[in-house]
Amino acid sequence: MTGRTVGSDRRTRWRNLAIAAVATVATLWSTAAMATITQGDFSVFGFFETREEGRWGENSSNLNSTPTTLSHPTPTTTTATLGTAATNHGGSFDFNHWDLDEMRQLGDIRPDYHFVKNYSFLGRFDTLFLKDADFFAFYRPWYDAVGTLKDKGVAPPDHDWTPYTQSELQQQYFQNNLHEYYAQLNFTDNFSMRIGKQEVIWSEADALSGTEITNPINYTWHGVYGAEATEDVRTNLRMIKFNYILPDFLKTANNEFEFFVIPGDFEGDGASGISNTTDSRSPWAIPAASAKTTINQNGQVVSEGTYGALDAKPMLYSGGLFFDEPTENVSHYPSNSIKNSEFGARLSSLLPIGNGLQASFIYLYEMRYDKEGLCTSCSAAQAGPGFTYLGGGAFENLGHYAYGPPRPGIPKAGTIKILLSQDFDRRSFFGLTGTYYDKDVTDIVYRYDTLFAPKVDVNTTETTGPAYTLNPVASESEMTRFIVAGDRPTYIPWISKQHTFLTFQYVNTWYPDRPDNAIQNLGNVYGKLREDSNFFFVDAVNWLMNGQLTSTNVFEWDIDDACGAVTTTNVYRYSRNVLVGINSAWFLGRSGRYTDPFLYSRSQTQNLLEFTLTYEI
C-alpha cells in the first residue's frame, strides 16, 4: 500500500467522522424547536442519544506461546512442527487493558396517527364497520464511529483480519432501520386486528422467557449485554394478529383469545437469536465457546476460545502439510411464500383460584430450534469446481487456495472445505404463562412461564470422514423450560424515601432425552449441552434524589457453572429533556466453561462501562 493510499484512507475516515459529528450536533440542536409534537390526530415522540462504551480485562497479555518450526528433510520438501498457542490473560479483575467498542449515535422516533375515529375516516368518510384505527411506526437509525476509528475493529492481532471495506462498514456500523410499523384496527369493543411489522410478547416472565420465541433477538446490534431495551433488539416480523375479548363464563373473567399468522416472513431462529459468529472485528461477536485453537496463515497456532477471537483465514495441519479450512453454510432461508406461514394462538383467562390466577395457554407452530450440522448429503459440485468428497461434509481441492497463495516458507497444499446445512421445519410449541397475586401472606406478584417442545433440534459431535474432522451433526430432543418469578415493592428507609421494587426469577431448562454427546447450538464440539441447567437473578430498582435518579442493580448467576454477572443501569434526569446515564456489567465466577448456556464464563474479558446522553423529544 502506498503512502498516498494511506493518506487518502485517513482523510476519508476523518471526513466521515466530521460529517457524522456535524449531523449529530445539528440534530440535537434542532430538536429544541421540535419538543413533543402533537397536532390534532398526529403525534410523534422519541429521543436522540449518544453512547460511548469501553471494556476492561480483554486479553491484557499473551504468555507461554511457542512458535511453529519448519524443517527440510529433503531439498524439495518442508515439514512443520506445530507450536502452541499463547495463553490469554485477563478477566474480570484485570484493569490493565481497556478497549473502546462503542461510539454510537442513534435516534428513536415513534410517530402515531389516529386516522379513524368513531367510524369516521379522516373526519370525511363513514367506514361502516371500522370503529377506530391508528397507524404506528418505530424508526431507529444509528451510526457507530468505532468501525471508522478502528479499521480492524476489536479483532485480536495475528488472526489474519484485514481492514473493513466500505460495504462492511455500512453493514455493521450504519443502520437505517424502520424497526416497526403497523395499523391497529378496532372493529368493535371486543374485536380488533393489527397488521404490519410487529412483535408478539405473550410471556408474563420478567426477563428470560420460555414462550417468547417468535421474534428473534438480534445480538449483532448490541451484543448480549448493554443499554438496548429488549424491544429494541427483537426482530419485528410482518404478521396479522387478531384479538377477541370473550364474555365471562364459569366464574372466569378477563377472557381473551388471540391469534396471529406470519405469512412467510422467516428472519431467523427465535430460539437462539441472530448473532455474529463469523466476524471477530465486531465488538458484538457473540462470546459463545468456539474452537480452543486454530492455525493462522503464517503457520502459527493461535487461541480462539470464542467467536470474538476467530482467525479470519484458518488452516488445518495434516500429513506434514497445511490446508486452508473455510466453512460454508450452503442452506437457504425459507422463501417468503404463503406455504411457509407460521401461526400462534393464545387463550387467556382469570381463573377462580385463590385471589385469582391469571393463566394464558399458548400454542405456536413455527420454524424454531432448527437443525444445523455437517452437510453429509452435499455433492462435490456444491463445494465448487475441482473439489472431491472426503466424507462427513469435508471436500478437498489440492492446489486451490481459498485464502490466497502460501506465504513464504509455509507448505500449504490446498483447501479442505467444510460444508454445513440447516433444515427449517415448522414444529409445535406449547406454553403456559400467567400471574398470581398473593396479597394475604407475602404481598408478592408471582409470575410463571413454561414451555414444552415435543421435538427440538440439538447438535451432537461425531467423528465422520477424515480423522481430523470433528464437527456438529444435527439430532433431536424434547425440551421443557420452567420459570417462576416474583415482584414486590419494599420500603427500605436507609436506601430511599421511596419504595424499592424487588424482582427475582428462577429458570430451569431440561432436555429429558438429550443425546449423550449433545453440544451447545451456539458453540462447537467443546460446548457440551447440559441435560438440566439452572439459573436465577434478583434485581432492585430504586428511585433516588427525589426520583430524578433511577438505579437498577441486578445479580445474575448460572448455578451449574458457578458464574454470573453484576449489572447496574443508572439514569439521571438532568432537566426536562436531558438524561445522563452510566451502565456497567461485571462478570464473575468461573471462567472458560464450555457448558455455560448464558455465556457468563466466556464474557469475563468483556466487562463493560457505558455512558449515555439522551435528549427526549
# chains A, B, ... in the order shown; residues from 1 in each chain; ligands from 1
$ residues_around --residues "A:Asp443" --least-positions-apart "4" --cutoff "10 Å" --atoms "only C-alpha atoms" --output "PyMOL selection string"
chain A and resi 437-439+486-490
$ write_last_selection --atoms "N, CA and C atoms" --output "compact mmCIF listing (two decimals), in the first residue's frame"
# COMPACT_ATOMS: atom_id res chain seq x y z
N TYR A 437 -51.37 -13.01 42.38
CA TYR A 437 -51.07 -12.04 43.42
C TYR A 437 -51.47 -12.60 44.78
N ASP A 438 -50.46 -12.88 45.59
CA ASP A 438 -50.70 -13.38 46.95
C ASP A 438 -50.71 -12.18 47.90
N LYS A 439 -51.88 -11.61 48.12
CA LYS A 439 -51.98 -10.42 48.98
C LYS A 439 -52.21 -10.78 50.45
N GLY A 486 -41.05 -13.36 40.83
CA GLY A 486 -41.88 -12.60 41.75
C GLY A 486 -41.49 -11.14 41.78
N ASP A 487 -42.47 -10.26 42.00
CA ASP A 487 -42.24 -8.82 42.11
C ASP A 487 -42.82 -8.34 43.44
N ARG A 488 -42.10 -7.45 44.10
CA ARG A 488 -42.62 -6.90 45.34
C ARG A 488 -42.02 -5.53 45.62
N PRO A 489 -42.84 -4.50 45.79
CA PRO A 489 -42.32 -3.21 46.25
C PRO A 489 -42.04 -3.27 47.75
N THR A 490 -40.84 -2.81 48.15
CA THR A 490 -40.42 -2.90 49.55
C THR A 490 -39.83 -1.56 49.97
$ residues_around --residues "A:Trp98" --least-positions-apart "2" --cutoff "7 Å" --atoms "only C-alpha atoms" --output "PDB file with N, CA and C atoms, in the first residue's frame"
ATOM      1  N   GLY A  54     -16.586   1.313  26.877  1.00  0.00           N
ATOM      2  CA  GLY A  54     -15.294   0.648  26.857  1.00  0.00           C
ATOM      3  C   GLY A  54     -15.357  -0.645  27.643  1.00  0.00           C
ATOM      4  N   ARG A  55     -14.410  -1.543  27.381  1.00  0.00           N
ATOM      5  CA  ARG A  55     -14.321  -2.817  28.085  1.00  0.00           C
ATOM      6  C   ARG A  55     -12.972  -2.934  28.764  1.00  0.00           C
ATOM      7  N   TRP A  56     -12.949  -3.660  29.859  1.00  0.00           N
ATOM      8  CA  TRP A  56     -11.685  -3.950  30.515  1.00  0.00           C
ATOM      9  C   TRP A  56     -11.533  -5.458  30.667  1.00  0.00           C
ATOM     10  N   GLY A  57     -10.265  -5.865  30.882  1.00  0.00           N
ATOM     11  CA  GLY A  57      -9.972  -7.281  31.085  1.00  0.00           C
ATOM     12  C   GLY A  57      -9.823  -8.062  29.800  1.00  0.00           C
ATOM     13  N   ASN A  96      -5.672  -3.682  33.350  1.00  0.00           N
ATOM     14  CA  ASN A  96      -4.510  -3.177  32.633  1.00  0.00           C
ATOM     15  C   ASN A  96      -4.812  -2.790  31.194  1.00  0.00           C
ATOM     16  N   LEU A 100     -11.983   0.476  23.432  1.00  0.00           N
ATOM     17  CA  LEU A 100     -13.198   1.183  23.010  1.00  0.00           C
ATOM     18  C   LEU A 100     -13.980   0.288  22.069  1.00  0.00           C
TER      19      LEU A 100
END
$ closest_residue --among "A:Ile416, A:Ile444, A:Ala207, A:Leu169" --to "A:Asp539" --atoms "only C-alpha atoms"
A:Ala207
$ residues_around --residues "A:Pro216" --least-positions-apart "5" --cutoff "10 Å" --atoms "only C-alpha atoms" --output "VMD selection string"
chain A and resid 199 233 to 237 266 to 275 368
$ write_last_selection --atoms "C-alpha atoms" --output "JSON list (two decimals), in the first residue's frame"
[["chain", "number", "residue", "atom", "x", "y", "z"],
["A", 199, "GLU", "CA", -43.73, -8.03, 17.94],
["A", 233, "VAL", "CA", -33.19, -5.69, 19.60],
["A", 234, "ARG", "CA", -36.08, -8.00, 18.78],
["A", 235, "THR", "CA", -36.55, -8.67, 15.07],
["A", 236, "ASN", "CA", -40.02, -7.50, 14.12],
["A", 237, "LEU", "CA", -41.94, -9.71, 11.70],
["A", 266, "PHE", "CA", -38.82, -16.05, 8.33],
["A", 267, "GLU", "CA", -35.95, -13.82, 9.55],
["A", 268, "GLY", "CA", -34.01, -16.08, 11.87],
["A", 269, "ASP", "CA", -34.22, -18.71, 14.58],
["A", 270, "GLY", "CA", -36.01, -17.16, 17.54],
["A", 271, "ALA", "CA", -34.66, -19.80, 19.90],
["A", 272, "SER", "CA", -31.04, -18.69, 19.88],
["A", 273, "GLY", "CA", -31.38, -15.27, 18.29],
["A", 274, "ILE", "CA", -29.46, -13.72, 15.42],
["A", 275, "SER", "CA", -25.78, -13.50, 16.31],
["A", 368, "ARG", "CA", -37.53, -22.52, 15.63]]
$ residues_around --residues "A:Asp370" --least-positions-apart "3" --cutoff "9 Å" --atoms "only C-alpha atoms" --output "PDB file with C-alpha atoms, in the first residue's frame"
ATOM      1  CA  ASP A 269     -34.216 -18.708  14.576  1.00  0.00           C
ATOM      2  CA  ALA A 271     -34.663 -19.796  19.904  1.00  0.00           C
ATOM      3  CA  MET A 367     -39.633 -22.672  12.477  1.00  0.00           C
ATOM      4  CA  GLN A 422     -29.579 -26.148   8.007  1.00  0.00           C
ATOM      5  CA  ASP A 423     -33.053 -27.638   7.752  1.00  0.00           C
ATOM      6  CA  PHE A 424     -36.005 -25.417   8.565  1.00  0.00           C
ATOM      7  CA  ASP A 425     -39.009 -27.307   9.887  1.00  0.00           C
ATOM      8  CA  ARG A 426     -42.193 -25.966  11.411  1.00  0.00           C
ATOM      9  CA  VAL A 456     -36.336 -29.564  19.009  1.00  0.00           C
ATOM     10  CA  ASP A 457     -33.054 -29.906  17.188  1.00  0.00           C
ATOM     11  CA  VAL A 458     -29.787 -30.123  19.085  1.00  0.00           C
ATOM     12  CA  ALA A 474     -27.979 -32.481  13.918  1.00  0.00           C
TER      13      ALA A 474
END
$ closest_residue --among "A:Pro141, A:Gly393, A:Gly373, A:Gly592" --to "A:Gly527" --atoms "only C-alpha atoms"
A:Gly592
$ residues_around --residues "A:Pro156" --least-positions-apart "2" --cutoff "10 Å" --atoms "only C-alpha atoms" --output "PyMOL selection string"
chain A and resi 58-59+152-154+158-161+280-281+302-304+308-311
$ closest_residue --among "A:Gly414, A:Gly391, A:Gly319, A:Gly354" --to "A:Cys375" --atoms "only C-alpha atoms"
A:Gly391
$ residues_around --residues "A:Leu185" --least-positions-apart "6" --cutoff "10 Å" --atoms "only C-alpha atoms" --output "ChimeraX atom specification"
/A:116,130-135,191-195,242
$ closest_residue --among "A:Val507, A:Ala229, A:Ala413, A:Leu347" --to "A:Thr569" --atoms "only C-alpha atoms"
A:Ala229
$ residues_around --residues "A:Arg590" --least-positions-apart "2" --cutoff "6 Å" --atoms "only C-alpha atoms" --output "NGL selection string"
:A and (562-563 or 601)
$ atom_distance --atom1 "atom CA of A:Ile582" --atom2 "atom CA of A:Gly107"
18.6 Å
$ closest_residue --among "A:Asn329, A:Gly147, A:Asp440, A:Trp142" --to "A:Thr165" --atoms "only C-alpha atoms"
A:Gly147
$ select_by_dssp --residues "stretch 276-412 of chain A" --states "helix (DSSP H, G or I)" --output "NGL selection string"
:A and (307-309 or 338-340 or 380-383)
$ closest_atom_pairs --of "stretch 493-579 of chain A" --to "stretch 604-617 of chain A" --cutoff "10 Å" --atoms "only C-alpha atoms" --output "JSON lines"
{"residue": "A:Cys563", "atom": "CA", "partner": "A:Gln604", "partner_atom": "CA", "distance": 9.5}
{"residue": "A:Gly564", "atom": "CA", "partner": "A:Gln604", "partner_atom": "CA", "distance": 9.4}
{"residue": "A:Ala565", "atom": "CA", "partner": "A:Gln604", "partner_atom": "CA", "distance": 9.0}
{"residue": "A:Val566", "atom": "CA", "partner": "A:Asn607", "partner_atom": "CA", "distance": 9.9}
{"residue": "A:Thr567", "atom": "CA", "partner": "A:Leu608", "partner_atom": "CA", "distance": 9.4}
{"residue": "A:Thr568", "atom": "CA", "partner": "A:Leu609", "partner_atom": "CA", "distance": 9.7}
{"residue": "A:Thr569", "atom": "CA", "partner": "A:Glu610", "partner_atom": "CA", "distance": 9.3}
{"residue": "A:Asn570", "atom": "CA", "partner": "A:Phe611", "partner_atom": "CA", "distance": 9.6}
{"residue": "A:Val571", "atom": "CA", "partner": "A:Thr612", "partner_atom": "CA", "distance": 8.6}
{"residue": "A:Tyr572", "atom": "CA", "partner": "A:Leu613", "partner_atom": "CA", "distance": 9.8}
{"residue": "A:Arg573", "atom": "CA", "partner": "A:Thr614", "partner_atom": "CA", "distance": 9.4}
{"residue": "A:Tyr574", "atom": "CA", "partner": "A:Thr614", "partner_atom": "CA", "distance": 10.0}
{"residue": "A:Ser575", "atom": "CA", "partner": "A:Tyr615", "partner_atom": "CA", "distance": 9.6}
{"residue": "A:Arg576", "atom": "CA", "partner": "A:Glu616", "partner_atom": "CA", "distance": 8.3}
{"residue": "A:Asn577", "atom": "CA", "partner": "A:Glu616", "partner_atom": "CA", "distance": 4.9}
{"residue": "A:Val578", "atom": "CA", "partner": "A:Tyr615", "partner_atom": "CA", "distance": 4.7}
{"residue": "A:Leu579", "atom": "CA", "partner": "A:Thr614", "partner_atom": "CA", "distance": 5.0}
$ closest_residue --among "A:Lys417, A:Lys455, A:His332, A:Lys339" --to "A:Tyr369" --atoms "only C-alpha atoms"
A:Lys455
$ select_by_dssp --residues "stretch 94-211 of chain A" --states "strand (DSSP E)" --output "JSON, numbers by chain"
{"A": [98, 99, 100, 101, 102, 103, 104, 105, 106, 107, 108, 109, 110, 111, 112, 113, 114, 115, 116, 117, 120, 121, 125, 126, 132, 133, 134, 135, 136, 137, 138, 139, 140, 141, 142, 143, 144, 174, 175, 176, 177, 178, 179, 180, 181, 182, 183, 184, 185, 186, 191, 192, 193, 194, 195, 196, 197, 198]}
$ atom_distance --atom1 "atom CA of A:Gly223" --atom2 "atom CA of A:Pro283"
7.6 Å
